[in-house]
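**Q** Provided below: work.pdb, containing PDB, C-alpha atoms.
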```pdb
ATOM      1  CA  MET A   1       2.992 -15.866  17.020
ATOM      2  CA  PRO A   2       1.425 -18.046  14.314
ATOM      3  CA  ILE A   3      -0.779 -16.503  11.655
ATOM      4  CA  ILE A   4      -3.851 -18.489  10.804
ATOM      5  CA  ARG A   5      -4.776 -18.409   7.179
ATOM      6  CA  TRP A   6      -8.360 -17.710   6.298
ATOM      7  CA  ARG A   7      -9.928 -20.036   3.773
ATOM      8  CA  GLU A   8     -13.156 -20.952   2.098
ATOM      9  CA  PRO A   9     -15.298 -23.456   4.025
ATOM     10  CA  ASN A  10     -14.961 -25.993   1.217
ATOM     11  CA  TYR A  11     -11.205 -25.502   0.949
ATOM     12  CA  SER A  12      -9.509 -28.608  -0.347
ATOM     13  CA  GLY A  13      -5.780 -27.840  -0.338
ATOM     14  CA  VAL A  14      -5.004 -29.981   2.684
ATOM     15  CA  VAL A  15      -1.860 -31.416   1.149
ATOM     16  CA  LEU A  16      -0.523 -27.950   0.400
ATOM     17  CA  ASP A  17      -1.272 -26.900   3.949
ATOM     18  CA  GLN A  18       0.739 -29.790   5.256
ATOM     19  CA  LEU A  19       3.600 -28.877   2.937
ATOM     20  CA  GLN A  20       3.446 -25.261   4.019
ATOM     21  CA  LYS A  21       3.549 -26.295   7.670
ATOM     22  CA  GLU A  22       6.591 -28.453   7.098
ATOM     23  CA  MET A  23       8.352 -25.756   5.118
ATOM     24  CA  ASN A  24       7.609 -23.219   7.833
ATOM     25  CA  LYS A  25       9.059 -25.571  10.408
ATOM     26  CA  LEU A  26      12.224 -26.032   8.350
ATOM     27  CA  PHE A  27      12.674 -22.289   8.048
ATOM     28  CA  GLN A  28      11.884 -21.799  11.693
ATOM     29  CA  ASP A  29      14.449 -24.373  12.791
ATOM     30  CA  PHE A  30      17.100 -22.954  10.519
ATOM     31  CA  PHE A  31      16.633 -19.188  10.768
ATOM     32  CA  GLY A  32      14.862 -18.777  14.067
ATOM     33  CA  GLU A  33      11.548 -17.301  15.030
ATOM     34  CA  SER A  34      11.863 -13.897  13.315
ATOM     35  CA  VAL A  35      12.179 -15.252   9.796
ATOM     36  CA  TYR A  36       9.414 -17.734  10.446
ATOM     37  CA  HIS A  37       7.247 -14.793  11.373
ATOM     38  CA  TYR A  38       7.766 -13.119   7.981
ATOM     39  CA  ALA A  39       7.617 -16.370   6.053
ATOM     40  CA  THR A  40       4.036 -16.949   7.133
ATOM     41  CA  ARG A  41       2.974 -13.486   6.062
ATOM     42  CA  THR A  42       2.144 -14.219   2.478
ATOM     43  CA  SER A  43      -0.782 -13.257   0.330
ATOM     44  CA  ALA A  44      -3.418 -15.906   0.859
ATOM     45  CA  ALA A  45      -6.124 -15.341  -1.698
ATOM     46  CA  GLY A  46      -4.195 -13.525  -4.409
ATOM     47  CA  VAL A  47      -7.143 -11.261  -5.102
ATOM     48  CA  PHE A  48      -6.848  -7.482  -5.207
ATOM     49  CA  PRO A  49      -6.867  -5.738  -2.824
ATOM     50  CA  LEU A  50      -4.697  -7.469  -0.267
ATOM     51  CA  ILE A  51      -6.265  -7.179   3.160
ATOM     52  CA  ASN A  52      -5.157  -7.325   6.747
ATOM     53  CA  VAL A  53      -7.700  -8.516   9.273
ATOM     54  CA  THR A  54      -7.274  -7.945  12.985
ATOM     55  CA  GLU A  55      -9.650  -8.137  15.907
ATOM     56  CA  ASP A  56     -10.084  -7.178  19.501
ATOM     57  CA  LYS A  57     -12.813  -8.294  21.891
ATOM     58  CA  GLU A  58     -15.454  -5.987  20.460
ATOM     59  CA  LYS A  59     -14.597  -5.451  16.816
ATOM     60  CA  ILE A  60     -13.037  -6.812  13.655
ATOM     61  CA  TYR A  61     -10.815  -4.487  11.626
ATOM     62  CA  VAL A  62     -10.226  -4.937   7.906
ATOM     63  CA  ARG A  63      -7.613  -2.796   6.180
ATOM     64  CA  ALA A  64      -6.550  -2.462   2.578
ATOM     65  CA  GLU A  65      -4.066  -0.283   0.743
ATOM     66  CA  LEU A  66      -5.865   1.505  -2.078
ATOM     67  CA  PRO A  67      -3.741   4.457  -3.173
ATOM     68  CA  GLY A  68      -5.206   6.843  -5.727
ATOM     69  CA  ILE A  69      -8.786   5.722  -5.311
ATOM     70  CA  ASN A  70     -11.537   8.150  -4.400
ATOM     71  CA  ALA A  71     -13.688   7.243  -1.413
ATOM     72  CA  GLU A  72     -16.766   7.797  -3.619
ATOM     73  CA  GLY A  73     -15.564   5.100  -5.996
ATOM     74  CA  LEU A  74     -15.492   2.444  -3.283
ATOM     75  CA  ASP A  75     -18.387   0.107  -2.701
ATOM     76  CA  ILE A  76     -18.390  -1.664   0.651
ATOM     77  CA  THR A  77     -21.099  -4.107   1.686
ATOM     78  CA  ALA A  78     -21.318  -6.071   4.909
ATOM     79  CA  THR A  79     -23.814  -8.847   5.458
ATOM     80  CA  GLY A  80     -24.015 -11.276   8.367
ATOM     81  CA  ASP A  81     -20.512 -12.676   8.402
ATOM     82  CA  SER A  82     -19.061 -11.465   5.115
ATOM     83  CA  LEU A  83     -17.639  -8.271   3.692
ATOM     84  CA  SER A  84     -17.221  -7.226   0.100
ATOM     85  CA  ILE A  85     -15.058  -4.422  -1.225
ATOM     86  CA  SER A  86     -15.226  -3.357  -4.842
ATOM     87  CA  GLY A  87     -14.328  -0.342  -6.884
ATOM     88  CA  GLU A  88     -12.220   0.951  -9.665
ATOM     89  CA  ARG A  89      -8.880   2.628  -9.823
ATOM     90  CA  LYS A  90      -8.698   5.207 -12.588
ATOM     91  CA  ILE A  91      -5.544   6.771 -13.848
ATOM     92  CA  VAL A  92      -6.255   9.962 -15.727
ATOM     93  CA  SER A  93      -4.513  10.618 -19.001
ATOM     94  CA  GLU A  94      -1.720  13.141 -18.768
ATOM     95  CA  GLY A  95      -2.172  14.336 -22.355
ATOM     96  CA  ASP A  96      -0.703  13.285 -25.661
ATOM     97  CA  ASN A  97       2.466  15.306 -25.444
ATOM     98  CA  VAL A  98       4.037  13.476 -22.545
ATOM     99  CA  LYS A  99       6.876  11.028 -22.817
ATOM    100  CA  TYR A 100       6.841   8.228 -20.238
ATOM    101  CA  HIS A 101      10.005   7.018 -18.559
ATOM    102  CA  ARG A 102       8.329   4.700 -16.071
ATOM    103  CA  ARG A 103       4.823   3.355 -15.995
ATOM    104  CA  GLU A 104       4.296   1.017 -13.072
ATOM    105  CA  ARG A 105       0.977   2.195 -11.631
ATOM    106  CA  GLU A 106      -2.005   0.323 -12.953
ATOM    107  CA  ALA A 107      -5.661   1.094 -13.374
ATOM    108  CA  GLY A 108      -8.553  -1.328 -13.297
ATOM    109  CA  LYS A 109     -11.556  -2.678 -11.493
ATOM    110  CA  PHE A 110     -11.477  -4.841  -8.420
ATOM    111  CA  SER A 111     -13.903  -6.815  -6.353
ATOM    112  CA  ARG A 112     -13.278  -9.003  -3.360
ATOM    113  CA  LYS A 113     -15.634 -10.769  -1.030
ATOM    114  CA  PHE A 114     -14.569 -12.731   1.984
ATOM    115  CA  ASN A 115     -15.888 -14.454   5.037
ATOM    116  CA  LEU A 116     -15.087 -12.935   8.406
ATOM    117  CA  GLY A 117     -15.636 -16.173  10.295
ATOM    118  CA  LYS A 118     -17.828 -14.405  12.842
ATOM    119  CA  GLN A 119     -21.233 -12.795  12.825
ATOM    120  CA  ILE A 120     -21.089  -9.018  12.789
ATOM    121  CA  ASP A 121     -23.581  -6.294  13.496
ATOM    122  CA  SER A 122     -23.927  -5.008   9.943
ATOM    123  CA  ASN A 123     -25.868  -1.905  11.015
ATOM    124  CA  LYS A 124     -22.919  -0.528  12.933
ATOM    125  CA  VAL A 125     -20.153  -1.072  10.406
ATOM    126  CA  GLU A 126     -17.972   1.976   9.864
ATOM    127  CA  ALA A 127     -15.483   2.673   7.134
ATOM    128  CA  LYS A 128     -12.886   5.369   6.739
ATOM    129  CA  PHE A 129     -10.431   6.114   4.001
ATOM    130  CA  ILE A 130      -7.342   8.059   4.975
ATOM    131  CA  ASP A 131      -4.118   8.535   2.999
ATOM    132  CA  GLY A 132      -5.030   5.719   0.635
ATOM    133  CA  ILE A 133      -5.749   3.197   3.384
ATOM    134  CA  LEU A 134      -9.232   1.834   3.821
ATOM    135  CA  THR A 135     -10.216   0.755   7.321
ATOM    136  CA  VAL A 136     -13.505  -1.031   7.895
ATOM    137  CA  VAL A 137     -14.505  -1.494  11.517
ATOM    138  CA  LEU A 138     -17.063  -4.239  12.067
ATOM    139  CA  PRO A 139     -18.556  -4.645  15.549
ATOM    140  CA  LYS A 140     -19.064  -8.279  16.470
ATOM    141  CA  SER A 141     -22.609  -9.326  17.152
ATOM    142  CA  GLU A 142     -23.415 -10.172  20.758
ATOM    143  CA  ASN A 143     -23.198 -13.894  20.075
ATOM    144  CA  SER A 144     -19.710 -13.629  18.589
ATOM    145  CA  LYS A 145     -18.153 -11.715  21.469
ATOM    146  CA  PRO A 146     -15.984 -13.682  23.861
ATOM    147  CA  LYS A 147     -17.640 -14.236  27.202
ATOM    148  CA  GLN A 148     -16.086 -14.752  30.540
ATOM    149  CA  ILE A 149     -17.640 -17.798  32.111
ATOM    150  CA  THR A 150     -17.641 -18.093  35.830
ATOM    151  CA  ILE A 151     -17.764 -21.479  37.432
ATOM    152  CA  ASN A 152     -20.586 -21.912  39.880
ATOM    153  CA  LYS A 153     -19.522 -23.145  43.241
TER     154      LYS A 153
ATOM    155  CA  MET B   1     -11.103   3.744 -21.745
ATOM    156  CA  ALA B   2     -13.576   1.247 -23.183
ATOM    157  CA  ASP B   3     -12.654  -2.013 -21.566
ATOM    158  CA  SER B   4     -11.285  -1.647 -18.072
ATOM    159  CA  LYS B   5      -9.257  -4.595 -16.886
ATOM    160  CA  GLU B   6      -9.188  -6.218 -13.504
ATOM    161  CA  LEU B   7      -6.518  -5.154 -11.072
ATOM    162  CA  GLN B   8      -4.055  -7.868 -10.184
ATOM    163  CA  VAL B   9      -2.330  -8.350  -6.886
ATOM    164  CA  LYS B  10       1.215  -7.097  -6.805
ATOM    165  CA  GLU B  11       3.407  -7.902  -3.868
ATOM    166  CA  LYS B  12       5.070  -4.845  -2.444
ATOM    167  CA  ALA B  13       8.671  -4.866  -3.625
ATOM    168  CA  LYS B  14      11.269  -4.691  -0.910
ATOM    169  CA  VAL B  15      14.132  -2.247  -1.335
ATOM    170  CA  PRO B  16      17.317  -4.171  -2.140
ATOM    171  CA  THR B  17      19.660  -3.275   0.645
ATOM    172  CA  THR B  18      23.185  -2.217  -0.018
ATOM    173  CA  GLY B  19      25.043  -2.210   3.236
ATOM    174  CA  GLU B  20      23.491  -2.548   6.603
ATOM    175  CA  GLN B  21      20.600  -0.497   7.785
ATOM    176  CA  THR B  22      20.816   1.340  11.027
ATOM    177  CA  LYS B  23      17.079   1.700  11.495
ATOM    178  CA  PRO B  24      14.955  -1.404  11.920
ATOM    179  CA  GLY B  25      11.896  -2.040   9.809
ATOM    180  CA  LEU B  26      10.892  -2.975   6.302
ATOM    181  CA  ARG B  27      11.402  -0.745   3.296
ATOM    182  CA  PHE B  28       9.394  -0.956   0.092
ATOM    183  CA  THR B  29       9.800   0.629  -3.314
ATOM    184  CA  PRO B  30       6.693   2.576  -4.277
ATOM    185  CA  ALA B  31       5.257   2.001  -7.752
ATOM    186  CA  VAL B  32       5.846   5.125  -9.842
ATOM    187  CA  ASP B  33       4.903   6.788 -13.092
ATOM    188  CA  ILE B  34       7.421   9.252 -14.452
ATOM    189  CA  PHE B  35       6.682  11.360 -17.478
ATOM    190  CA  GLU B  36       8.165  14.363 -19.116
ATOM    191  CA  THR B  37       6.974  17.289 -21.172
ATOM    192  CA  GLU B  38       9.026  20.106 -22.662
ATOM    193  CA  LYS B  39       8.638  22.115 -19.508
ATOM    194  CA  GLU B  40       8.671  19.656 -16.641
ATOM    195  CA  ILE B  41       9.139  16.168 -15.290
ATOM    196  CA  THR B  42       6.319  14.689 -13.193
ATOM    197  CA  VAL B  43       6.682  11.824 -10.745
ATOM    198  CA  LEU B  44       3.636   9.991  -9.401
ATOM    199  CA  ALA B  45       4.286   7.545  -6.559
ATOM    200  CA  ASP B  46       1.895   5.238  -4.686
ATOM    201  CA  MET B  47       2.639   5.626  -0.998
ATOM    202  CA  PRO B  48      -0.445   4.566   0.943
ATOM    203  CA  GLY B  49      -0.385   5.409   4.630
ATOM    204  CA  VAL B  50       2.184   8.185   4.366
ATOM    205  CA  LYS B  51       1.165  11.490   5.910
ATOM    206  CA  VAL B  52       2.368  14.856   4.584
ATOM    207  CA  ASN B  53       4.676  15.389   7.555
ATOM    208  CA  ASP B  54       6.292  11.973   7.179
ATOM    209  CA  LEU B  55       7.296  12.461   3.566
ATOM    210  CA  THR B  56      10.794  13.605   2.652
ATOM    211  CA  ILE B  57      11.690  14.671  -0.863
ATOM    212  CA  ASP B  58      15.295  15.479  -1.516
ATOM    213  CA  LEU B  59      16.932  16.622  -4.733
ATOM    214  CA  ARG B  60      20.656  17.146  -4.773
ATOM    215  CA  ASP B  61      23.374  16.501  -7.321
ATOM    216  CA  ASN B  62      20.722  15.273  -9.784
ATOM    217  CA  VAL B  63      19.607  12.535  -7.395
ATOM    218  CA  LEU B  64      16.002  12.583  -6.316
ATOM    219  CA  THR B  65      15.192  10.672  -3.146
ATOM    220  CA  LEU B  66      11.677   9.913  -1.996
ATOM    221  CA  GLU B  67      11.206   8.651   1.523
ATOM    222  CA  GLY B  68       7.956   8.100   3.347
ATOM    223  CA  ASP B  69       7.393   6.865   6.862
ATOM    224  CA  VAL B  70       4.274   4.931   7.741
ATOM    225  CA  ALA B  71       3.114   4.960  11.325
ATOM    226  CA  PRO B  72       1.665   1.610  12.439
ATOM    227  CA  PHE B  73      -2.091   1.959  12.285
ATOM    228  CA  GLU B  74      -3.166  -1.018  14.330
ATOM    229  CA  GLY B  75      -4.512  -0.419  17.796
ATOM    230  CA  PRO B  76      -2.641  -1.875  20.785
ATOM    231  CA  ASP B  77      -5.314  -4.477  21.598
ATOM    232  CA  GLU B  78      -5.755  -5.793  18.075
ATOM    233  CA  LYS B  79      -4.687  -9.330  17.320
ATOM    234  CA  ASP B  80      -3.774 -10.484  13.831
ATOM    235  CA  VAL B  81      -6.319 -12.741  12.168
ATOM    236  CA  MET B  82      -5.054 -12.684   8.599
ATOM    237  CA  ILE B  83      -2.154 -10.606   7.341
ATOM    238  CA  GLU B  84      -1.646 -10.295   3.582
ATOM    239  CA  PHE B  85       0.357  -7.104   3.262
ATOM    240  CA  GLU B  86       3.154  -5.731   5.329
ATOM    241  CA  VAL B  87       3.615  -2.165   6.404
ATOM    242  CA  GLY B  88       6.880  -0.302   6.266
ATOM    243  CA  LYS B  89       8.694   2.697   4.909
ATOM    244  CA  TYR B  90       8.773   3.692   1.282
ATOM    245  CA  TRP B  91      12.068   4.576  -0.301
ATOM    246  CA  ARG B  92      13.162   5.165  -3.867
ATOM    247  CA  GLN B  93      15.886   7.054  -5.634
ATOM    248  CA  PHE B  94      16.176   8.374  -9.195
ATOM    249  CA  THR B  95      18.795  10.172 -11.202
ATOM    250  CA  ILE B  96      17.344  13.176 -12.970
ATOM    251  CA  SER B  97      19.262  14.118 -16.088
ATOM    252  CA  GLU B  98      17.644  17.509 -16.620
ATOM    253  CA  VAL B  99      18.500  20.648 -14.724
ATOM    254  CA  ILE B 100      15.578  21.316 -12.393
ATOM    255  CA  ASP B 101      14.470  24.700 -11.162
ATOM    256  CA  GLN B 102      14.611  23.971  -7.432
ATOM    257  CA  SER B 103      12.535  27.013  -6.505
ATOM    258  CA  LYS B 104       9.524  25.852  -8.525
ATOM    259  CA  ILE B 105       9.282  22.245  -7.353
ATOM    260  CA  ASP B 106       5.747  21.429  -6.305
ATOM    261  CA  ALA B 107       4.629  18.374  -4.352
ATOM    262  CA  ASN B 108       1.121  17.221  -3.575
ATOM    263  CA  LEU B 109       0.006  14.191  -1.573
ATOM    264  CA  LYS B 110      -3.550  12.970  -2.023
ATOM    265  CA  ASN B 111      -5.164   9.621  -1.170
ATOM    266  CA  GLY B 112      -1.758   8.036  -0.734
ATOM    267  CA  VAL B 113      -0.394   9.200  -4.079
ATOM    268  CA  LEU B 114       2.445  11.697  -4.337
ATOM    269  CA  ARG B 115       2.448  14.010  -7.331
ATOM    270  CA  LEU B 116       5.765  15.759  -7.727
ATOM    271  CA  ARG B 117       6.368  18.411 -10.379
ATOM    272  CA  LEU B 118       9.942  19.155 -11.302
ATOM    273  CA  PRO B 119      10.036  22.140 -13.684
ATOM    274  CA  LYS B 120      13.045  22.296 -15.945
ATOM    275  CA  VAL B 121      15.198  25.390 -15.877
ATOM    276  CA  GLU B 122      14.067  27.700 -18.639
ATOM    277  CA  LYS B 123      16.477  27.863 -21.482
ATOM    278  CA  ALA B 124      18.244  31.153 -21.847
ATOM    279  CA  GLN B 125      16.155  33.356 -24.058
ATOM    280  CA  PRO B 126      17.937  34.471 -27.248
ATOM    281  CA  ARG B 127      18.757  38.095 -26.807
ATOM    282  CA  LYS B 128      19.890  40.476 -29.436
ATOM    283  CA  ILE B 129      22.808  42.580 -28.409
ATOM    284  CA  THR B 130      23.029  45.920 -30.018
ATOM    285  CA  VAL B 131      26.383  47.562 -30.252
ATOM    286  CA  LYS B 132      26.317  51.183 -29.480
ATOM    287  CA  ALA B 133      28.243  53.508 -31.656
ATOM    288  CA  ALA B 134      30.906  55.273 -29.771
TER     289      ALA B 134
END
```
Here is the file; what I need is its structure written in the form of structure tokens.

**A**
Amino acid sequence: MPIIRWREPNYSGVVLDQLQKEMNKLFQDFFGESVYHYATRTSAAGVFPLINVTEDKEKIYVRAELPGINAEGLDITATGDSLSISGERKIVSEGDNVKYHRREREAGKFSRKFNLGKQIDSNKVEAKFIDGILTVVLPKSENSKPKQITINK
Amino acid sequence: MADSKELQVKEKAKVPTTGEQTKPGLRFTPAVDIFETEKEITVLADMPGVKVNDLTIDLRDNVLTLEGDVAPFEGPDEKDVMIEFEVGKYWRQFTISEVIDQSKIDANLKNGVLRLRLPKVEKAQPRKITVKAA
């Protein structure tokens, strides 16, 4: 199953897209479908946090991994067809008498805004934050929902 | 903290595999902080999506193993639109050089972060031995 990359409306990297397509095809031919599947799953925007977007007929789901962030510290705004997630990850000091062996976890602010590609009903957006994973559920507006069209006889 | 910096994207690091795996699925190394005081060693590990019951902490022969399962959280009817991060298990192993008091180990999982306290075994208290006169 191909993954379609989301991009800005004024995106200009057409040449890179072409290159990516060709590279994907090379990998696909050589390694088979399964590797191709993983090869296309790369970070598109390179902005924290990384997000996964899925949809069903009624709703769009946006998920992000945000370990160690309090739900109160998250700011989520949905308007029309876009969603923004911002906040700050704080790492509390463990005191002056500690000796660090590893320090890989980072603190800092983040802010990301992206286009959902479809109109949503911003009054009915729900968000939950469980075990460090943020899930935002955005119901599609009536116009964006797929409609079965029957052919008149 | 006066000037807070912007968080940068870090790709989840895959566990380098030694030998073949018997279970399918991806494995990632969680980012950790490890620090030590006179009394204890503390491990903090980012494991988003891991529930308390799916976390295994094992300490034997000075080797600490952290393992966390993540249940897929997408619904059956959802189709991928844009996928930037992958979901899989977390796995990481450390050698602990201190002797740890196994009975006092304390683990806490909150908002996807594990906080593991490993208290060191208390040093034998100096004790004065009095010799009784016969």

**Q** Kindly resolve the PyMOL selection byres ((chain A and resi 71) around 10) on the present coordinates and return the residues as a CSV table (one decimal) with C-alpha atoms, in the coordinates of the input.

**A**
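Saved file part.csv follows:
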```
chain,number,residue,atom,x,y,z
A,66,LEU,CA,-5.9,1.5,-2.1
A,68,GLY,CA,-5.2,6.8,-5.7
A,69,ILE,CA,-8.8,5.7,-5.3
A,70,ASN,CA,-11.5,8.2,-4.4
A,72,GLU,CA,-16.8,7.8,-3.6
A,73,GLY,CA,-15.6,5.1,-6.0
A,74,LEU,CA,-15.5,2.4,-3.3
A,75,ASP,CA,-18.4,0.1,-2.7
A,87,GLY,CA,-14.3,-0.3,-6.9
A,127,ALA,CA,-15.5,2.7,7.1
A,128,LYS,CA,-12.9,5.4,6.7
A,129,PHE,CA,-10.4,6.1,4.0
A,130,ILE,CA,-7.3,8.1,5.0
A,132,GLY,CA,-5.0,5.7,0.6
A,134,LEU,CA,-9.2,1.8,3.8
B,111,ASN,CA,-5.2,9.6,-1.2
```

**Q** Name the residues captured by the PyMOL selection byres ((chain B and resi 71-76) around 9) when it is applied to the shown file; answer as an MDAnalysis selection string.

**A** (chainID A and resid 54 56 61) or (chainID B and resid 49:51 54 69:70 77:79 87:89)

**Q** Restricted to C-alpha atoms, what would the selected residues look like written as a PDB file, keeping the file's coordinate frame?

**A**
```pdb
ATOM      1  CA  THR A  54      -7.274  -7.945  12.985  1.00  0.00           C
ATOM      2  CA  ASP A  56     -10.084  -7.178  19.501  1.00  0.00           C
ATOM      3  CA  TYR A  61     -10.815  -4.487  11.626  1.00  0.00           C
TER       4      TYR A  61
ATOM      5  CA  GLY B  49      -0.385   5.409   4.630  1.00  0.00           C
ATOM      6  CA  VAL B  50       2.184   8.185   4.366  1.00  0.00           C
ATOM      7  CA  LYS B  51       1.165  11.490   5.910  1.00  0.00           C
ATOM      8  CA  ASP B  54       6.292  11.973   7.179  1.00  0.00           C
ATOM      9  CA  ASP B  69       7.393   6.865   6.862  1.00  0.00           C
ATOM     10  CA  VAL B  70       4.274   4.931   7.741  1.00  0.00           C
ATOM     11  CA  ASP B  77      -5.314  -4.477  21.598  1.00  0.00           C
ATOM     12  CA  GLU B  78      -5.755  -5.793  18.075  1.00  0.00           C
ATOM     13  CA  LYS B  79      -4.687  -9.330  17.320  1.00  0.00           C
ATOM     14  CA  VAL B  87       3.615  -2.165   6.404  1.00  0.00           C
ATOM     15  CA  GLY B  88       6.880  -0.302   6.266  1.00  0.00           C
ATOM     16  CA  LYS B  89       8.694   2.697   4.909  1.00  0.00           C
TER      17      LYS B  89
END
```

**Q** What residues in chain A have any atom no more than 7 Å from chain B when counting all atoms listed in the file, and can you write them as a ChimeraX atom specification?

**A** /A:3-6,41-44,46-56,65-69,97-105,107-110,130-133

**Q** Could you list the residues chosen by the PyMOL selection byres ((chain B and resi 62) around 8) in this structure as a PDB file with C-alpha atoms, keeping the file's coordinate frame?

**A**
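After the write, out20.pdb holds the following:
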```
ATOM      1  CA  LEU B  59      16.932  16.622  -4.733  1.00  0.00           C
ATOM      2  CA  ARG B  60      20.656  17.146  -4.773  1.00  0.00           C
ATOM      3  CA  ASP B  61      23.374  16.501  -7.321  1.00  0.00           C
ATOM      4  CA  VAL B  63      19.607  12.535  -7.395  1.00  0.00           C
ATOM      5  CA  LEU B  64      16.002  12.583  -6.316  1.00  0.00           C
ATOM      6  CA  THR B  95      18.795  10.172 -11.202  1.00  0.00           C
ATOM      7  CA  ILE B  96      17.344  13.176 -12.970  1.00  0.00           C
ATOM      8  CA  SER B  97      19.262  14.118 -16.088  1.00  0.00           C
ATOM      9  CA  GLU B  98      17.644  17.509 -16.620  1.00  0.00           C
ATOM     10  CA  VAL B  99      18.500  20.648 -14.724  1.00  0.00           C
TER      11      VAL B  99
END
```

**Q** So which one's closest to Ile57 of chain B, B:Val131, B:Glu122, B:Phe94, B:Lys12? Using all atoms listed in the file, please.

**A**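 Under the stated criterion, the closest residue is B:Phe94.
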
**Q** In file coordinates, which residues lie within 8 Å of (-17.8, -14.3, 13.7) using only C-alpha atoms, given as a ChimeraX atom specification?

**A** /A:81,116-120,140-141,144

**Q** Skip Glu126 of chain A itself and residues of its chain fewer than 2 positions away, then list as a list in words all residues within 8 Å of it, counting only C-alpha atoms.

**A**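 The filter keeps Lys124, Lys128, Val136, Val137 and Leu138 of chain A.
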
**Q** What does the distance from atom CA of Arg92 of chain B to atom CA of Thr29 of chain B come to in Å, to one decimal?

**A**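 Separation between atom CA of Arg92 of chain B and atom CA of Thr29 of chain B: 5.7 Å.
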
**Q** Work out how far atom CA of Phe28 of chain B is from atom CA of Ala13 of chain B, in Å to one decimal.

**A**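 That distance, rounded to one decimal, is 5.4 Å.
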
**Q** Closest to Lys145 of chain A among A:Asp17, A:Lys59, A:Glu22, A:Val125, using only C-alpha atoms?

**A**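 So, comparing all the options, the nearest one is A:Lys59.
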
**Q** Counting only C-alpha atoms, which of B:Gly68, B:Pro16, B:Pro24, B:Pro119 gets nearest to Gln102 of chain B?

**A**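 Ranked by minimum distance to Gln102 of chain B, first place goes to B:Pro119.
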
**Q** Missing atoms in segment 88-99 of chain A need filling: write out N, CA, C and O atoms for it as a PDB file, keeping the file's coordinate frame.

**A**
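rebuild-v5.pdb written:
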```pdb
ATOM      1  N   GLU A  88     -13.040   0.835  -8.471  1.00  0.00           N
ATOM      2  CA  GLU A  88     -12.220   0.951  -9.665  1.00  0.00           C
ATOM      3  C   GLU A  88     -11.143   1.988  -9.425  1.00  0.00           C
ATOM      4  O   GLU A  88     -11.387   3.035  -8.829  1.00  0.00           O
ATOM      5  N   ARG A  89      -9.957   1.658  -9.896  1.00  0.00           N
ATOM      6  CA  ARG A  89      -8.880   2.628  -9.823  1.00  0.00           C
ATOM      7  C   ARG A  89      -8.703   3.220 -11.203  1.00  0.00           C
ATOM      8  O   ARG A  89      -8.465   2.487 -12.162  1.00  0.00           O
ATOM      9  N   LYS A  90      -8.840   4.543 -11.290  1.00  0.00           N
ATOM     10  CA  LYS A  90      -8.698   5.207 -12.588  1.00  0.00           C
ATOM     11  C   LYS A  90      -7.409   5.995 -12.593  1.00  0.00           C
ATOM     12  O   LYS A  90      -7.051   6.626 -11.602  1.00  0.00           O
ATOM     13  N   ILE A  91      -6.730   5.941 -13.698  1.00  0.00           N
ATOM     14  CA  ILE A  91      -5.544   6.771 -13.848  1.00  0.00           C
ATOM     15  C   ILE A  91      -5.816   7.701 -15.013  1.00  0.00           C
ATOM     16  O   ILE A  91      -6.034   7.260 -16.142  1.00  0.00           O
ATOM     17  N   VAL A  92      -5.878   8.992 -14.691  1.00  0.00           N
ATOM     18  CA  VAL A  92      -6.255   9.962 -15.727  1.00  0.00           C
ATOM     19  C   VAL A  92      -5.115  10.133 -16.726  1.00  0.00           C
ATOM     20  O   VAL A  92      -3.937  10.042 -16.383  1.00  0.00           O
ATOM     21  N   SER A  93      -5.504  10.399 -17.944  1.00  0.00           N
ATOM     22  CA  SER A  93      -4.513  10.618 -19.001  1.00  0.00           C
ATOM     23  C   SER A  93      -3.788  11.931 -18.748  1.00  0.00           C
ATOM     24  O   SER A  93      -4.374  12.909 -18.300  1.00  0.00           O
ATOM     25  N   GLU A  94      -2.519  11.936 -18.997  1.00  0.00           N
ATOM     26  CA  GLU A  94      -1.720  13.141 -18.768  1.00  0.00           C
ATOM     27  C   GLU A  94      -1.541  13.933 -20.062  1.00  0.00           C
ATOM     28  O   GLU A  94      -0.705  14.818 -20.146  1.00  0.00           O
ATOM     29  N   GLY A  95      -2.277  13.607 -21.092  1.00  0.00           N
ATOM     30  CA  GLY A  95      -2.172  14.336 -22.355  1.00  0.00           C
ATOM     31  C   GLY A  95      -1.335  13.569 -23.363  1.00  0.00           C
ATOM     32  O   GLY A  95      -0.679  12.585 -23.036  1.00  0.00           O
ATOM     33  N   ASP A  96      -1.388  14.011 -24.594  1.00  0.00           N
ATOM     34  CA  ASP A  96      -0.703  13.285 -25.661  1.00  0.00           C
ATOM     35  C   ASP A  96       0.753  13.687 -25.813  1.00  0.00           C
ATOM     36  O   ASP A  96       1.525  13.002 -26.479  1.00  0.00           O
ATOM     37  N   ASN A  97       1.117  14.795 -25.197  1.00  0.00           N
ATOM     38  CA  ASN A  97       2.466  15.306 -25.444  1.00  0.00           C
ATOM     39  C   ASN A  97       3.492  14.857 -24.411  1.00  0.00           C
ATOM     40  O   ASN A  97       4.596  15.375 -24.369  1.00  0.00           O
ATOM     41  N   VAL A  98       3.092  13.895 -23.575  1.00  0.00           N
ATOM     42  CA  VAL A  98       4.037  13.476 -22.545  1.00  0.00           C
ATOM     43  C   VAL A  98       4.813  12.235 -22.998  1.00  0.00           C
ATOM     44  O   VAL A  98       4.313  11.404 -23.756  1.00  0.00           O
ATOM     45  N   LYS A  99       6.021  12.179 -22.511  1.00  0.00           N
ATOM     46  CA  LYS A  99       6.876  11.028 -22.817  1.00  0.00           C
ATOM     47  C   LYS A  99       7.093  10.268 -21.510  1.00  0.00           C
ATOM     48  O   LYS A  99       7.571  10.839 -20.531  1.00  0.00           O
TER      49      LYS A  99
END
```
